[in-house]
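Notes for the one structure printed next.
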2 protein chains.
Amino acid sequence: MKKRLFDFSDVHLYVVTQTPRAGQTYLDMVSAACAGGADVIQLRDKSLSARALFRLAKDLQALCDKTGTLFILNDRVDVALAADVDGVHVGQEDLPVRVVRQMMGHKKLIGCSTHSTAQALAAVGDGADYISCGPLFATPTKPDYAPVGLDLVKEYRRLVRTPFVAIGGIDESNVAQAIAAGADRVAVVRAIAGAADVAHAARSMKDLILKAKAGRS
Amino acid sequence: MKKRLFDFSDVHLYVVTQTPRAGQTYLDMVSAACAGGADVIQLRDKSLSARALFRLAKDLQALCDKTGTLFILNDRVDVALAADVDGVHVGQEDLPVRVVRQMMGHKKLIGCSTHSTAQALAAVGDGADYISCGPLFATPTKPDYAPVGLDLVKEYRRLVRTPFVAIGGIDESNVAQAIAAGADRVAVVRAIAGAADVAHAARSMKDLILKAKAGRS
């Protein structure tokens, strides 16, 4: 059931976690996102200790294995290695992709957040398996970044052969624009991880992505 | 000039950094601590990004190499590996020592914070090269931990063959008590890294440690 690593051809919906609300756990959130059709889950929590992240990452990898969903950890290469997860996602302020590749080897997935074509081409040159492109729209998740806009998606579509994921402020109201601009995959944080019904939100978003992709061709 | 790794017999003074004050840099602080006779420097800064920590750790390792001072990074095993520093120090909420050893191999030093004999023996059993014992006295650096007191130093002296470092609220007024209780090494944060004259504070503390050890035998 497990997807072959590095194969992003079937990846449409990439869900990034956020801190669970009262009464919700990460296991609830991720389980519901997987049930709703998420193809990749990224755990991102800068507030957890390495020990807590290590335990949680092992549990979430096991959960994702049940549905063949890829599981990626944000930033902490050491915890990703210790918990033997599918991959790690680094930003421009995390360890450089080239260094991460030396530590992770080629059996693990490495993703990298990029905000310009220069950053995209650098990440790809350094060996990233996929990159993100964003933030597409204004988002409270990354208040310090100005939106890059749909034109950058068009540029990536034209210039970048490595799979890229559009991210940043994407919800049901604007996902079709991201796809129309050339994104084959979108990453969603708040509109899924923060939804009252996470599984329903994931399913609904996945449908919108698939419809928009079908309508594009 | 470089000390052989794992040899703690010449280690008396272990300095842990704190965030530099305005106008001061980590390079100033560490350079002065080394000049003042620190045998080990530990960089501990939870607020820096992995990228910033990576750059800083490489610079501080190069600086410490000049005086043969051991350089240890707190918590981030991935950054420690990437920057090729002498070792890593983990706490009870960081990655487990056994897991860290698998990642770091036997050419790197692993230290572990312990707060009881049970934790000490577990860390030693898992392969720590040295452990810390503390917080000895009340300290603003670790407000959530109750002081363990001098009796725990006496217990470690009796039970633990692995080198241990007394830590927590140690300054010029109380360092002799830590040594008298059986500590061969003390770690200092605020009283050195936060001193107006870091080199002078380190030199003065090192003298007090050596005198107290000489007076003990």
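Residue names in the structure tokens use chain letters A, B, ... in the order shown, residue numbers from 1 in each chain, and ligand numbers from 1 in the order shown.
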*Write out as a PyMOL selection string all residues of region 7-104 of chain A that DSSP puts in helix (DSSP H, G or I) for this structure's backbone.*
chain A and resi 26-35+50-67+77-83+97-104
*Hey, list the chain B side of the contact with chain A: 8 Å cut-off, only C-alpha atoms, answer as a ChimeraX atom specification.*
/B:49-52,54,75-79,82,92-96,99,103
*Please provide as an MDAnalysis selection string all residues within 9 Å of Ile72 (chain B), with the sequence filter that same-chain residues fewer than 6 positions apart are discarded (counting only C-alpha atoms).*
chainID B and resid 40:44 57 61 80 85:89 109:111
Selection from above, N, CA and C atoms, as a PDB file, in the first residue's frame, can you write it?
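This is the output file again-v4.pdb:
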ATOM      1  N   VAL B  40      35.796  23.570  28.296  1.00  0.00           N
ATOM      2  CA  VAL B  40      34.715  23.171  27.394  1.00  0.00           C
ATOM      3  C   VAL B  40      33.804  24.381  27.213  1.00  0.00           C
ATOM      4  N   ILE B  41      33.318  24.562  25.989  1.00  0.00           N
ATOM      5  CA  ILE B  41      32.290  25.567  25.713  1.00  0.00           C
ATOM      6  C   ILE B  41      31.068  24.831  25.187  1.00  0.00           C
ATOM      7  N   GLN B  42      29.905  25.143  25.742  1.00  0.00           N
ATOM      8  CA  GLN B  42      28.664  24.614  25.164  1.00  0.00           C
ATOM      9  C   GLN B  42      27.834  25.771  24.633  1.00  0.00           C
ATOM     10  N   LEU B  43      27.482  25.677  23.343  1.00  0.00           N
ATOM     11  CA  LEU B  43      26.584  26.663  22.744  1.00  0.00           C
ATOM     12  C   LEU B  43      25.151  26.193  22.941  1.00  0.00           C
ATOM     13  N   ARG B  44      24.377  27.049  23.604  1.00  0.00           N
ATOM     14  CA  ARG B  44      22.982  26.720  23.873  1.00  0.00           C
ATOM     15  C   ARG B  44      22.145  27.933  23.517  1.00  0.00           C
ATOM     16  N   ALA B  57      28.043  27.577  14.838  1.00  0.00           N
ATOM     17  CA  ALA B  57      28.750  26.425  15.404  1.00  0.00           C
ATOM     18  C   ALA B  57      30.068  26.176  14.666  1.00  0.00           C
ATOM     19  N   GLN B  61      33.536  26.411  16.651  1.00  0.00           N
ATOM     20  CA  GLN B  61      34.419  25.238  16.687  1.00  0.00           C
ATOM     21  C   GLN B  61      35.833  25.647  16.246  1.00  0.00           C
ATOM     22  N   ALA B  80      24.986  19.643  14.837  1.00  0.00           N
ATOM     23  CA  ALA B  80      26.298  19.218  15.339  1.00  0.00           C
ATOM     24  C   ALA B  80      27.026  18.380  14.292  1.00  0.00           C
ATOM     25  N   VAL B  85      31.192  19.497  14.895  1.00  0.00           N
ATOM     26  CA  VAL B  85      31.704  19.970  16.188  1.00  0.00           C
ATOM     27  C   VAL B  85      32.135  18.777  17.044  1.00  0.00           C
ATOM     28  N   ASP B  86      32.758  19.068  18.190  1.00  0.00           N
ATOM     29  CA  ASP B  86      33.310  17.991  19.016  1.00  0.00           C
ATOM     30  C   ASP B  86      32.241  17.096  19.656  1.00  0.00           C
ATOM     31  N   GLY B  87      31.065  17.661  19.901  1.00  0.00           N
ATOM     32  CA  GLY B  87      30.049  16.835  20.538  1.00  0.00           C
ATOM     33  C   GLY B  87      28.727  17.545  20.702  1.00  0.00           C
ATOM     34  N   VAL B  88      27.806  16.833  21.315  1.00  0.00           N
ATOM     35  CA  VAL B  88      26.454  17.356  21.502  1.00  0.00           C
ATOM     36  C   VAL B  88      26.034  17.097  22.945  1.00  0.00           C
ATOM     37  N   HIS B  89      25.228  18.008  23.487  1.00  0.00           N
ATOM     38  CA  HIS B  89      24.713  17.832  24.837  1.00  0.00           C
ATOM     39  C   HIS B  89      23.187  17.770  24.780  1.00  0.00           C
ATOM     40  N   LEU B 109      31.609  13.405  21.136  1.00  0.00           N
ATOM     41  CA  LEU B 109      31.302  13.404  22.561  1.00  0.00           C
ATOM     42  C   LEU B 109      29.796  13.590  22.760  1.00  0.00           C
ATOM     43  N   ILE B 110      29.209  12.824  23.678  1.00  0.00           N
ATOM     44  CA  ILE B 110      27.796  13.019  24.017  1.00  0.00           C
ATOM     45  C   ILE B 110      27.672  13.253  25.512  1.00  0.00           C
ATOM     46  N   GLY B 111      27.078  14.394  25.859  1.00  0.00           N
ATOM     47  CA  GLY B 111      26.786  14.711  27.252  1.00  0.00           C
ATOM     48  C   GLY B 111      25.291  14.708  27.483  1.00  0.00           C
TER      49      GLY B 111
END
*Selection: 10 Å around region 14-23 of chain B, only C-alpha atoms, excl. self and same-chain fewer than 6 positions, as a ChimeraX atom specification*: /B:29-30,33-34,37-48,69-74,141,165-167,185-194,196,202,206
*Near Pro147 (chain B), counting only C-alpha atoms, which residues have an atom at most 8 Å away, once you skip same-chain residues fewer than 6 positions from it, shown as an MDAnalysis selection string?*
chainID B and resid 134:138 168
*Pick out the residues sitting within 9 Å of Asp129 (chain A), and hand them over as number ranges by chain; count only C-alpha atoms, and ignore anything fewer than 5 positions along from it in its own chain.*
A: 6, 8, 109-112, 123-124, 162-163
